>>> print(open('model16.tsv').read())   # TSV, C-alpha atoms
chain	number	residue	atom	x	y	z
F	1	MET	CA	-15.86	50.71	-27.69
F	2	LEU	CA	-18.92	49.01	-26.18
F	3	TYR	CA	-20.50	52.44	-25.78
F	4	TYR	CA	-20.51	52.98	-29.55
F	5	ILE	CA	-21.68	49.44	-30.30
F	6	PHE	CA	-24.66	49.90	-27.98
F	7	GLU	CA	-25.29	53.32	-29.53
F	8	LEU	CA	-25.56	51.74	-33.00
F	9	LEU	CA	-28.04	49.19	-31.62
F	10	GLN	CA	-30.34	51.84	-30.10
F	11	ASP	CA	-33.14	51.18	-32.59
F	12	SER	CA	-32.61	47.42	-32.88
F	13	GLY	CA	-35.18	46.53	-30.23
F	14	ILE	CA	-32.68	44.41	-28.31
F	15	PRO	CA	-33.48	44.59	-24.58
F	16	GLY	CA	-30.98	46.48	-22.46
F	17	VAL	CA	-29.14	48.41	-25.19
F	18	ARG	CA	-30.46	51.75	-23.92
F	19	LEU	CA	-28.82	51.21	-20.53
F	20	MET	CA	-25.69	52.85	-21.91
F	21	ASN	CA	-27.63	56.11	-22.06
F	22	TYR	CA	-27.64	56.28	-18.27
F	23	ILE	CA	-24.63	57.71	-16.49
F	24	THR	CA	-25.48	55.77	-13.34
F	25	PHE	CA	-25.39	52.42	-15.19
F	26	ARG	CA	-22.15	53.17	-17.02
F	27	SER	CA	-20.55	54.45	-13.82
F	28	GLY	CA	-21.51	51.29	-11.96
F	29	ALA	CA	-20.20	49.15	-14.79
F	30	SER	CA	-16.99	51.20	-14.90
F	31	PHE	CA	-16.44	50.65	-11.18
F	32	VAL	CA	-17.01	46.89	-11.44
F	33	ILE	CA	-14.74	46.47	-14.47
F	34	ALA	CA	-11.93	48.49	-12.86
F	35	LEU	CA	-12.24	46.52	-9.61
F	36	PHE	CA	-12.23	43.21	-11.51
F	37	ILE	CA	-9.13	44.13	-13.52
F	38	ALA	CA	-7.25	45.29	-10.43
F	39	LEU	CA	-8.10	42.15	-8.47
F	40	VAL	CA	-7.62	39.55	-11.20
F	41	PHE	CA	-4.88	40.96	-13.38
F	42	GLY	CA	-3.22	42.74	-10.46
F	43	ARG	CA	-2.02	39.39	-9.14
F	44	LYS	CA	-0.46	38.53	-12.51
F	45	ILE	CA	1.23	41.93	-12.74
F	46	ILE	CA	2.66	41.57	-9.23
F	47	ASP	CA	4.07	38.14	-10.08
F	48	ARG	CA	5.57	39.56	-13.25
F	49	LEU	CA	7.19	42.46	-11.37
F	50	ARG	CA	8.61	40.02	-8.82
F	51	SER	CA	10.03	37.77	-11.54
F	52	MET	CA	11.69	40.83	-13.11
F	53	GLN	CA	13.16	41.66	-9.67
F	54	ILE	CA	11.55	45.10	-9.67
F	55	GLY	CA	11.71	45.62	-5.92
F	56	GLU	CA	11.37	48.64	-3.66
F	57	ILE	CA	14.56	50.42	-2.60
F	58	VAL	CA	14.15	51.47	1.03
F	59	ARG	CA	15.92	54.49	2.53
F	60	ASP	CA	16.91	53.93	6.16
F	61	LEU	CA	14.80	56.36	8.22
F	62	GLY	CA	15.16	54.49	11.49
F	63	ILE	CA	11.52	53.37	11.40
F	64	GLN	CA	10.70	49.98	12.89
F	65	GLY	CA	9.78	47.39	10.27
F	66	GLU	CA	10.86	49.56	7.34
F	67	ASN	CA	13.64	47.23	6.23
F	68	SER	CA	11.18	44.33	5.93
F	69	LYS	CA	9.64	46.13	2.93
F	70	LYS	CA	12.87	46.01	0.97
F	71	GLY	CA	12.45	44.06	-2.25
F	72	THR	CA	8.63	44.30	-2.31
F	73	PRO	CA	7.53	44.73	-5.96
F	74	THR	CA	7.08	48.38	-6.91
F	75	MET	CA	5.69	50.21	-9.96
F	76	GLY	CA	2.30	48.74	-9.03
F	77	GLY	CA	0.77	51.97	-10.31
F	78	ILE	CA	0.61	50.10	-13.61
F	79	ILE	CA	-2.28	48.12	-12.09
F	80	ILE	CA	-4.13	51.34	-11.23
F	81	ILE	CA	-3.55	52.94	-14.63
F	82	LEU	CA	-4.71	49.88	-16.61
F	83	SER	CA	-7.73	49.44	-14.36
F	84	ILE	CA	-8.75	53.04	-15.04
F	85	LEU	CA	-8.10	53.18	-18.77
F	86	VAL	CA	-9.74	49.91	-19.84
F	87	PRO	CA	-13.29	50.63	-18.56
F	88	CYS	CA	-13.08	54.24	-19.77
F	89	ILE	CA	-12.15	53.09	-23.27
F	90	LEU	CA	-14.80	50.36	-23.22
F	91	ILE	CA	-17.83	52.27	-21.96
F	92	GLY	CA	-16.76	55.93	-21.94
F	93	ASP	CA	-17.72	58.53	-24.52
F	94	LEU	CA	-14.38	59.21	-26.19
F	95	THR	CA	-15.77	62.22	-28.05
F	96	ASN	CA	-16.36	64.01	-24.73
F	97	VAL	CA	-13.64	66.61	-24.11
F	98	TYR	CA	-13.71	66.01	-20.35
F	99	MET	CA	-13.15	62.27	-20.72
F	100	LEU	CA	-10.34	62.86	-23.23
F	101	LEU	CA	-8.56	65.27	-20.89
F	102	MET	CA	-8.75	62.77	-18.02
F	103	ILE	CA	-7.36	59.95	-20.18
F	104	ILE	CA	-4.54	62.19	-21.44
F	105	SER	CA	-3.74	63.24	-17.86
F	106	THR	CA	-3.61	59.61	-16.71
F	107	ILE	CA	-1.27	58.54	-19.50
F	108	TRP	CA	0.89	61.69	-19.24
F	109	LEU	CA	1.59	61.39	-15.52
F	110	GLY	CA	1.76	57.60	-15.73
F	111	ILE	CA	4.69	57.94	-18.15
F	112	LEU	CA	6.31	60.60	-15.97
F	113	GLY	CA	6.05	58.40	-12.86
F	114	PHE	CA	7.19	55.31	-14.76
F	115	LEU	CA	10.37	57.09	-15.91
F	116	ASP	CA	11.06	58.17	-12.33
F	117	ASP	CA	10.67	54.61	-11.01
F	118	TYR	CA	12.75	53.21	-13.86
F	119	LEU	CA	15.66	55.55	-13.07
F	120	LYS	CA	15.51	54.61	-9.38
F	121	LEU	CA	15.73	50.92	-10.22
F	122	LYS	CA	18.44	51.48	-12.80
F	123	ARG	CA	20.61	53.44	-10.36
F	124	HIS	CA	19.73	51.21	-7.36
F	125	ASN	CA	18.89	54.18	-5.15
F	126	LYS	CA	15.99	56.49	-4.29
F	127	ASP	CA	17.28	59.27	-6.54
F	128	GLY	CA	15.17	58.97	-9.65
F	129	MET	CA	14.28	61.73	-12.05
F	130	LYS	CA	15.58	65.17	-11.12
F	131	GLY	CA	12.95	67.35	-9.48
F	132	LYS	CA	13.09	69.98	-12.22
F	133	PHE	CA	12.07	67.41	-14.84
F	134	LYS	CA	9.09	66.31	-12.74
F	135	ILE	CA	8.05	69.93	-12.41
F	136	ILE	CA	8.39	70.46	-16.17
F	137	GLY	CA	6.19	67.40	-16.79
F	138	GLN	CA	3.54	68.58	-14.35
F	139	LEU	CA	3.73	72.11	-15.70
F	140	GLY	CA	3.21	70.76	-19.21
F	141	LEU	CA	0.08	68.90	-18.18
F	142	GLY	CA	-1.24	71.98	-16.39
F	143	LEU	CA	-0.75	74.01	-19.56
F	144	ILE	CA	-2.56	71.42	-21.67
F	145	VAL	CA	-5.54	71.31	-19.33
F	146	GLY	CA	-5.69	75.05	-18.71
F	147	LEU	CA	-5.36	76.06	-22.36
F	148	THR	CA	-7.88	73.45	-23.48
F	149	MET	CA	-10.41	74.78	-20.99
F	150	TRP	CA	-9.69	78.29	-22.25
F	151	PHE	CA	-10.01	77.67	-25.97
F	152	SER	CA	-12.29	74.62	-26.33
F	153	PRO	CA	-15.84	75.65	-27.34
F	154	ASP	CA	-17.16	72.49	-25.63
F	155	ILE	CA	-16.11	73.61	-22.14
F	156	VAL	CA	-18.69	76.07	-20.85
F	157	VAL	CA	-20.64	76.75	-17.66
F	158	ARG	CA	-24.07	77.98	-16.72
F	159	GLU	CA	-24.09	80.33	-13.77
F	160	ASN	CA	-26.34	79.80	-10.77
F	161	VAL	CA	-28.18	82.76	-9.25
F	162	GLU	CA	-30.27	83.17	-6.14
F	163	ALA	CA	-33.79	84.55	-6.44
F	164	LEU	CA	-36.83	84.94	-4.17
F	165	SER	CA	-39.72	82.62	-4.89
F	166	VAL	CA	-42.84	84.33	-6.24
F	167	THR	CA	-45.18	82.30	-4.04
F	168	THR	CA	-43.05	82.03	-0.90
F	169	THR	CA	-40.40	84.04	0.87
F	170	GLU	CA	-37.81	81.28	0.39
F	171	THR	CA	-34.70	81.71	-1.73
F	172	VAL	CA	-34.58	79.44	-4.79
F	173	ILE	CA	-31.68	78.63	-7.09
F	174	THR	CA	-32.13	79.39	-10.78
F	175	TYR	CA	-29.72	79.29	-13.71
F	176	GLN	CA	-28.91	81.69	-16.49
F	177	PRO	CA	-30.62	80.72	-19.78
F	178	GLU	CA	-27.38	80.43	-21.77
F	179	ASP	CA	-24.06	78.65	-21.38
F	180	VAL	CA	-21.07	80.97	-21.17
F	181	LYS	CA	-17.33	80.68	-21.69
F	182	SER	CA	-15.96	81.87	-18.38
F	183	PRO	CA	-13.12	81.08	-15.94
F	184	GLN	CA	-15.56	80.78	-13.07
F	185	THR	CA	-15.10	78.30	-10.30
F	186	THR	CA	-16.70	77.15	-7.05
F	187	ILE	CA	-15.60	78.73	-3.80
F	188	PRO	CA	-17.09	78.32	-0.30
F	189	PHE	CA	-18.43	80.95	2.09
F	190	VAL	CA	-19.69	83.39	-0.59
F	191	LYS	CA	-23.02	84.09	-2.28
F	192	ASN	CA	-23.80	81.61	-5.09
F	193	ASN	CA	-20.52	79.83	-4.27
F	194	ASN	CA	-19.01	81.35	-7.45
F	195	PHE	CA	-15.75	83.12	-8.09
F	196	ASP	CA	-14.66	84.55	-11.43
F	197	TYR	CA	-10.90	84.87	-11.98
F	198	GLN	CA	-11.63	87.84	-14.24
F	199	TRP	CA	-12.61	89.77	-11.11
F	200	LEU	CA	-8.92	89.83	-10.18
F	201	THR	CA	-8.03	91.48	-13.49
F	202	SER	CA	-11.05	93.73	-14.00
F	203	TRP	CA	-8.84	96.80	-13.43
F	204	MET	CA	-7.05	95.99	-16.70
F	205	GLY	CA	-9.98	97.16	-18.82
F	206	GLU	CA	-10.26	95.47	-22.23
F	207	PHE	CA	-7.38	93.14	-21.34
F	208	GLY	CA	-9.16	91.96	-18.19
F	209	PRO	CA	-10.94	88.91	-19.65
F	210	THR	CA	-7.76	87.58	-21.27
F	211	ALA	CA	-5.73	88.23	-18.13
F	212	GLY	CA	-8.42	86.42	-16.10
F	213	TRP	CA	-7.96	83.30	-18.21
F	214	ILE	CA	-4.19	83.56	-17.81
F	215	VAL	CA	-4.64	83.61	-14.04
F	216	PHE	CA	-6.88	80.54	-14.35
F	217	VAL	CA	-4.19	78.69	-16.34
F	218	LEU	CA	-1.56	79.59	-13.72
F	219	ILE	CA	-3.84	78.32	-10.94
F	220	THR	CA	-4.38	75.12	-12.94
F	221	ILE	CA	-0.62	74.54	-13.15
F	222	LEU	CA	-0.20	75.24	-9.42
F	223	VAL	CA	-2.99	72.84	-8.42
F	224	VAL	CA	-1.67	70.03	-10.65
F	225	MET	CA	1.83	70.37	-9.22
F	226	ALA	CA	0.71	70.70	-5.59
F	227	VAL	CA	-1.75	67.80	-5.52
F	228	SER	CA	0.41	65.48	-7.62
F	229	ASN	CA	3.46	66.04	-5.41
F	230	GLY	CA	1.29	65.83	-2.29
F	231	ALA	CA	0.04	62.39	-3.27
F	232	ASN	CA	3.61	61.38	-4.08
F	233	LEU	CA	4.75	62.35	-0.58
F	234	THR	CA	1.76	60.64	1.05
F	235	ASP	CA	2.72	57.32	-0.54
F	236	GLY	CA	5.05	56.15	2.20
F	237	VAL	CA	2.93	53.77	4.27
F	238	ASP	CA	1.02	50.67	3.15
F	239	GLY	CA	-2.46	51.66	1.92
F	240	LEU	CA	-2.20	55.31	2.97
F	241	CYS	CA	-2.20	57.08	-0.39
F	242	ALA	CA	-4.58	54.66	-2.10
F	243	GLY	CA	-7.12	54.79	0.74
F	244	CYS	CA	-7.09	58.58	1.15
F	245	SER	CA	-7.31	59.04	-2.63
F	246	ALA	CA	-10.30	56.71	-2.89
F	247	ILE	CA	-12.11	58.78	-0.25
F	248	ILE	CA	-11.30	62.00	-2.11
F	249	GLY	CA	-12.47	60.29	-5.31
F	250	VAL	CA	-15.87	59.51	-3.81
F	251	ALA	CA	-16.34	63.18	-2.84
F	252	LEU	CA	-15.32	64.36	-6.32
F	253	LEU	CA	-17.62	61.80	-7.96
F	254	ILE	CA	-20.60	63.15	-6.02
F	255	MET	CA	-19.68	66.73	-6.94
F	256	ALA	CA	-19.28	65.81	-10.60
F	257	TYR	CA	-22.63	64.01	-10.64
F	258	LEU	CA	-24.41	66.95	-9.04
F	259	GLY	CA	-22.61	69.56	-11.14
F	260	GLY	CA	-23.40	67.71	-14.36
F	261	ASN	CA	-27.14	67.77	-13.71
F	262	ILE	CA	-28.84	71.17	-13.70
F	263	ILE	CA	-31.50	70.02	-11.22
F	264	TYR	CA	-29.09	68.45	-8.73
F	265	ALA	CA	-26.55	71.28	-9.09
F	266	SER	CA	-29.05	73.64	-7.46
F	267	TYR	CA	-28.94	71.53	-4.29
F	268	LEU	CA	-25.34	72.58	-3.62
F	269	ASN	CA	-25.88	75.95	-5.31
F	270	ILE	CA	-22.96	75.38	-7.68
F	271	LEU	CA	-22.25	75.98	-11.34
F	272	TYR	CA	-23.93	73.68	-13.85
F	273	ILE	CA	-21.31	72.27	-16.23
F	274	PRO	CA	-22.88	70.84	-19.42
F	275	ASP	CA	-21.59	67.43	-20.59
F	276	SER	CA	-19.37	67.04	-17.51
F	277	ALA	CA	-21.43	64.11	-16.19
F	278	GLU	CA	-19.17	61.86	-18.29
F	279	LEU	CA	-16.51	62.50	-15.67
F	280	VAL	CA	-18.53	60.35	-13.26
F	281	VAL	CA	-17.75	57.30	-15.43
F	282	PHE	CA	-14.03	58.07	-15.17
F	283	MET	CA	-14.07	58.67	-11.41
F	284	ALA	CA	-16.00	55.45	-10.82
F	285	ALA	CA	-13.19	53.58	-12.59
F	286	PHE	CA	-10.63	55.50	-10.52
F	287	ILE	CA	-12.30	54.47	-7.25
F	288	GLY	CA	-12.68	50.85	-8.38
F	289	ALA	CA	-9.00	50.71	-9.39
F	290	LEU	CA	-7.85	52.07	-6.02
F	291	ILE	CA	-10.02	49.70	-4.00
F	292	GLY	CA	-8.78	46.78	-6.08
F	293	PHE	CA	-5.19	47.92	-5.62
F	294	LEU	CA	-5.75	48.19	-1.86
F	295	TRP	CA	-6.43	44.43	-1.84
F	296	TYR	CA	-2.70	43.97	-2.46
F	297	ASN	CA	-1.37	47.22	-0.99
F	298	ALA	CA	-2.91	46.98	2.48
F	299	ASN	CA	-0.48	46.19	5.29
F	300	PRO	CA	1.60	44.09	4.85
F	301	ALA	CA	1.81	45.29	1.25
F	302	GLN	CA	2.39	42.80	-1.54
F	303	VAL	CA	3.09	45.63	-3.97
F	304	PHE	CA	3.84	49.35	-3.88
F	305	MET	CA	2.42	51.81	-6.39
F	306	GLY	CA	5.67	53.73	-6.78
F	307	ASP	CA	5.79	57.12	-8.46
F	308	THR	CA	4.04	55.46	-11.40
F	309	GLY	CA	0.94	55.38	-9.23
F	310	SER	CA	1.29	58.26	-6.78
F	311	LEU	CA	2.11	60.99	-9.32
F	312	THR	CA	-0.74	59.74	-11.52
F	313	ILE	CA	-3.25	59.58	-8.68
F	314	GLY	CA	-2.47	63.11	-7.52
F	315	GLY	CA	-2.62	64.44	-11.06
F	316	ILE	CA	-5.95	62.75	-11.72
F	317	ILE	CA	-7.47	64.28	-8.58
F	318	ALA	CA	-6.10	67.73	-9.47
F	319	VAL	CA	-7.28	67.71	-13.10
F	320	PHE	CA	-10.67	66.29	-12.13
F	321	ALA	CA	-11.15	69.05	-9.54
F	322	ILE	CA	-10.17	71.67	-12.14
F	323	LEU	CA	-12.53	70.31	-14.81
F	324	THR	CA	-15.44	70.29	-12.34
F	325	ARG	CA	-14.48	73.82	-11.21
F	326	LYS	CA	-13.64	72.68	-7.66
F	327	GLU	CA	-9.90	73.44	-7.66
F	328	LEU	CA	-10.24	76.05	-4.88
F	329	LEU	CA	-11.77	73.37	-2.64
F	330	THR	CA	-8.69	71.13	-2.88
F	331	PRO	CA	-6.91	72.72	0.12
F	332	ILE	CA	-9.75	71.33	2.26
F	333	LEU	CA	-10.62	68.15	0.36
F	334	CYS	CA	-6.97	67.21	-0.19
F	335	GLY	CA	-5.93	68.52	3.21
F	336	ILE	CA	-3.77	65.48	3.94
F	337	PHE	CA	-1.78	66.04	0.74
F	338	LEU	CA	-1.43	69.71	1.65
F	339	VAL	CA	-0.15	68.97	5.16
F	340	GLU	CA	2.30	66.39	3.84
F	341	ASN	CA	3.66	69.00	1.42
F	342	LEU	CA	3.88	71.70	4.08
F	343	SER	CA	5.59	69.39	6.59
F	344	VAL	CA	8.45	68.74	4.15
F	345	MET	CA	8.78	72.41	3.21
F	346	MET	CA	8.80	73.49	6.86
F	347	GLN	CA	11.27	70.79	7.86
F	348	VAL	CA	13.77	71.56	5.11
F	349	SER	CA	13.52	75.34	5.54
F	350	TYR	CA	13.91	75.24	9.33
F	351	PHE	CA	16.78	72.75	9.16
F	352	LYS	CA	18.72	74.93	6.69
F	353	TYR	CA	18.01	78.04	8.77
F	354	THR	CA	19.23	76.53	12.05
F	355	LYS	CA	22.20	74.90	10.34
F	356	ARG	CA	23.45	78.32	9.23
F	357	ARG	CA	23.20	79.44	12.87
F	358	GLY	CA	25.36	76.52	13.98
F	359	GLU	CA	22.63	74.26	15.42
F	360	ALA	CA	20.94	71.96	12.92
F	361	ARG	CA	17.46	71.32	14.32
F	362	ARG	CA	14.18	69.96	12.98
F	363	ILE	CA	10.53	70.71	13.62
F	364	PHE	CA	9.23	67.16	13.21
F	365	LYS	CA	10.84	63.85	14.08
F	366	CYS	CA	10.74	62.90	10.41
F	367	THR	CA	8.93	64.00	7.25
F	368	PRO	CA	6.67	63.61	5.33
F	369	LEU	CA	4.33	63.97	8.31
F	370	HIS	CA	3.15	60.35	8.46
F	371	HIS	CA	6.73	59.27	9.25
F	372	HIS	CA	6.72	61.66	12.25
F	373	PHE	CA	4.21	59.39	13.97
F	374	GLN	CA	6.24	56.27	13.19
F	375	LYS	CA	9.38	57.36	15.02
F	376	SER	CA	10.13	57.41	18.74
F	377	GLY	CA	10.49	60.81	20.38
F	378	ALA	CA	13.46	59.49	22.38
F	379	ASP	CA	15.39	58.94	19.11
F	380	CYS	CA	14.80	62.50	17.82
F	381	LEU	CA	16.05	64.89	20.47
F	382	ASP	CA	16.82	67.56	17.86
F	383	ALA	CA	13.11	67.80	16.92
F	384	ILE	CA	10.92	70.56	18.36
F	385	ILE	CA	7.81	68.36	18.23
F	386	ARG	CA	8.57	64.96	19.75
F	387	ARG	CA	5.05	63.89	20.63
F	388	PRO	CA	3.78	61.24	20.48
F	389	PHE	CA	6.86	59.75	22.13
F	390	ALA	CA	5.86	56.18	21.31
F	391	PRO	CA	5.64	55.19	17.62
F	392	VAL	CA	2.10	54.70	16.29
F	393	PRO	CA	1.58	51.23	14.75
F	394	GLU	CA	1.36	51.42	10.97
F	395	GLN	CA	-2.14	49.93	10.67
F	396	LYS	CA	-3.54	52.36	13.26
F	397	LEU	CA	-1.79	55.29	11.59
F	398	VAL	CA	-3.30	54.49	8.19
F	399	VAL	CA	-6.84	54.10	9.54
F	400	ARG	CA	-6.57	57.39	11.44
F	401	PHE	CA	-5.47	59.19	8.27
F	402	TRP	CA	-8.43	57.62	6.43
F	403	ILE	CA	-10.77	58.96	9.12
F	404	VAL	CA	-9.28	62.43	8.75
F	405	ALA	CA	-9.75	62.17	4.96
F	406	ILE	CA	-13.43	61.31	5.48
F	407	LEU	CA	-13.87	64.27	7.82
F	408	LEU	CA	-12.23	66.62	5.33
F	409	ALA	CA	-14.50	65.35	2.55
F	410	ALA	CA	-17.56	66.00	4.72
F	411	ILE	CA	-16.29	69.47	5.67
F	412	THR	CA	-15.80	70.28	1.98
F	413	PHE	CA	-19.51	69.73	1.33
F	414	VAL	CA	-20.52	71.61	4.47
F	415	THR	CA	-18.54	74.70	3.48
F	416	LEU	CA	-20.71	75.08	0.37
F	417	LYS	CA	-23.74	75.54	2.61
F	418	ILE	CA	-22.11	78.10	4.92
F	419	ARG	CA	-22.41	81.65	3.65
>>> encode(input="model16.tsv", output="structure tokens")
Amino acid sequence: MLYYIFELLQDSGIPGVRLMNYITFRSGASFVIALFIALVFGRKIIDRLRSMQIGEIVRDLGIQGENSKKGTPTMGGIIIILSILVPCILIGDLTNVYMLLMIISTIWLGILGFLDDYLKLKRHNKDGMKGKFKIIGQLGLGLIVGLTMWFSPDIVVRENVEALSVTTTETVITYQPEDVKSPQTTIPFVKNNNFDYQWLTSWMGEFGPTAGWIVFVLITILVVMAVSNGANLTDGVDGLCAGCSAIIGVALLIMAYLGGNIIYASYLNILYIPDSAELVVFMAAFIGALIGFLWYNANPAQVFMGDTGSLTIGGIIAVFAILTRKELLTPILCGIFLVENLSVMMQVSYFKYTKRRGEARRIFKCTPLHHHFQKSGADCLDAIIRRPFAPVPEQKLVVRFWIVAILLAAITFVTLKIR
């Protein structure tokens, strides 16, 4: 709203009205507004949730101190969602297709997570929405994003190419003169850091380009589901999901800023994506909302985000990575989410396999993986991996995961320079 008011006042001569033309200013303002909303109104929302007796239902996992969290207000993801949406609506360009897709994704998954939390509270147990309905919701969002990127004329890229300098022997990065509609993305360890999904379907002749886009849409759905569920599983310890997601958000913000500027994009040798710089405004709000939420979610937590927050956070990260053509970097950047997902899949599969053989055994002491470090090895004799034997204190565990998230973010950037 303010963005359009300032736009109308461009020629009024009023000092400062042209600041809205700068992505850096609007991003900074977006961060501050989101942080302010989370800190100030977050307290009021927490009090309201407590008065409505919307408390966390804790499943007994045999983890020390877990029962003390019972009754802590949940559905705090509402704080995150409001803190993101308000600054984006106020100072974001709502005619920008990238901003619209991010807002739709936030609302879509926010509703999905809210329904899941509501059913848990209604039934007074941890069994909320059936898994198939979550998958359908995530699949639907993936289809919306993938098909919009396929058919929208506003979503294009400009390919980067390497060339030898005329005056020196150094390699310089140049860009094609025209924007193209292409399912290209960024991938590490290869020349130009580009990968075109149509390469996979080139053998199909005239149907190759269409089939390439179909592959891109399928990858979009897979990434949305994987990252969203990964964030959901990571949300099991005070401040863990919010902190790791904020670190991932900072990395994505930098990539979006560089990729939205044709001069800076050449530094990382990545695709230039016209008009995508508006995404920086959204991600700044996302980071501000998470930091503000951490004020209340850090150990001992005064509020939990619930599926309202975790599903939304994971979906936002996934869609943002897809829109900036960085979805193939998520296995590294979102490595913690990936490992949390894999730990559950491995645990369940191995347990079912050994149970059929007459000896029900586990790989980890407990899953998702962060719970493995919270349990004593002496209490889990059926686990293959019992180290560390002593439980890791929750605060130390969270900080260590944050450090790993920072390392993974740094590695993600480094991989783009290794070819």
>>> atom_distance(input="model16.tsv", atom1="CA of Cys241 (chain F)", atom2="CA of Leu328 (chain F)")
21.1 Å
>>> closest_residue(input="model16.tsv", among="F:Ile332, F:Thr308, F:Ile403, F:Val217", to="Ile187 (chain F)", atoms="only C-alpha atoms")
F:Ile332
>>> atom_distance(input="model16.tsv", atom1="CA of Gln347 (chain F)", atom2="CA of Thr367 (chain F)")
7.2 Å
>>> atom_distance(input="model16.tsv", atom1="CA of Ala231 (chain F)", atom2="CA of Ala256 (chain F)")
20.9 Å
>>> residues_around(input="model16.tsv", residues="Ala405 (chain F)", least_positions_apart="3", cutoff="12 Å", atoms="only C-alpha atoms", output="ChimeraX atom specification")
/F:240-251,330-339,398-402,408-412
>>> closest_residue(input="model16.tsv", among="F:Phe364, F:Phe286, F:Tyr118, F:Phe207", to="Met102 (chain F)", atoms="only C-alpha atoms")
F:Phe286
>>> closest_residue(input="model16.tsv", among="F:Gln302, F:Thr220, F:Asn194, F:Thr106", to="Ile46 (chain F)", atoms="only C-alpha atoms")
F:Gln302
>>> residues_around(input="model16.tsv", residues="region 85-98 of chain F", least_positions_apart="4", cutoff="9 Å", atoms="only C-alpha atoms", output="ChimeraX atom specification")
/F:1-4,20,26-27,29-34,37,80-81,102-103,106-107,148,152,154-155,275-279,281-282,285-286,320,323
>>> closest_residue(input="model16.tsv", among="F:Val319, F:Pro393, F:Cys366, F:Leu141", to="Cys380 (chain F)", atoms="all atoms listed in the file")
F:Cys366
>>> residues_around(input="model16.tsv", residues="Leu381 (chain F)", least_positions_apart="5", cutoff="10 Å", atoms="only C-alpha atoms", output="list in words")
Arg361, Arg362, Lys365, Ser376 and Arg386 of chain F
>>> residues_around(input="model16.tsv", residues="region 170-180 of chain F", least_positions_apart="6", cutoff="8 Å", atoms="all atoms listed in the file", output="PyMOL selection string")
chain F and resi 156-164+266+269
>>> closest_residue(input="model16.tsv", among="F:Leu222, F:Ile287, F:Val280, F:Met204", to="Gly260 (chain F)", atoms="only C-alpha atoms")
F:Val280
>>> closest_residue(input="model16.tsv", among="F:Phe304, F:Gly77, F:Thr186, F:Phe216", to="Leu200 (chain F)", atoms="only C-alpha atoms")
F:Phe216
>>> residues_around(input="model16.tsv", residues="Leu416 (chain F)", least_positions_apart="4", cutoff="7 Å", atoms="all atoms listed in the file", output="list in words")
Pro188, Phe189, Asn193 and Leu268 of chain F
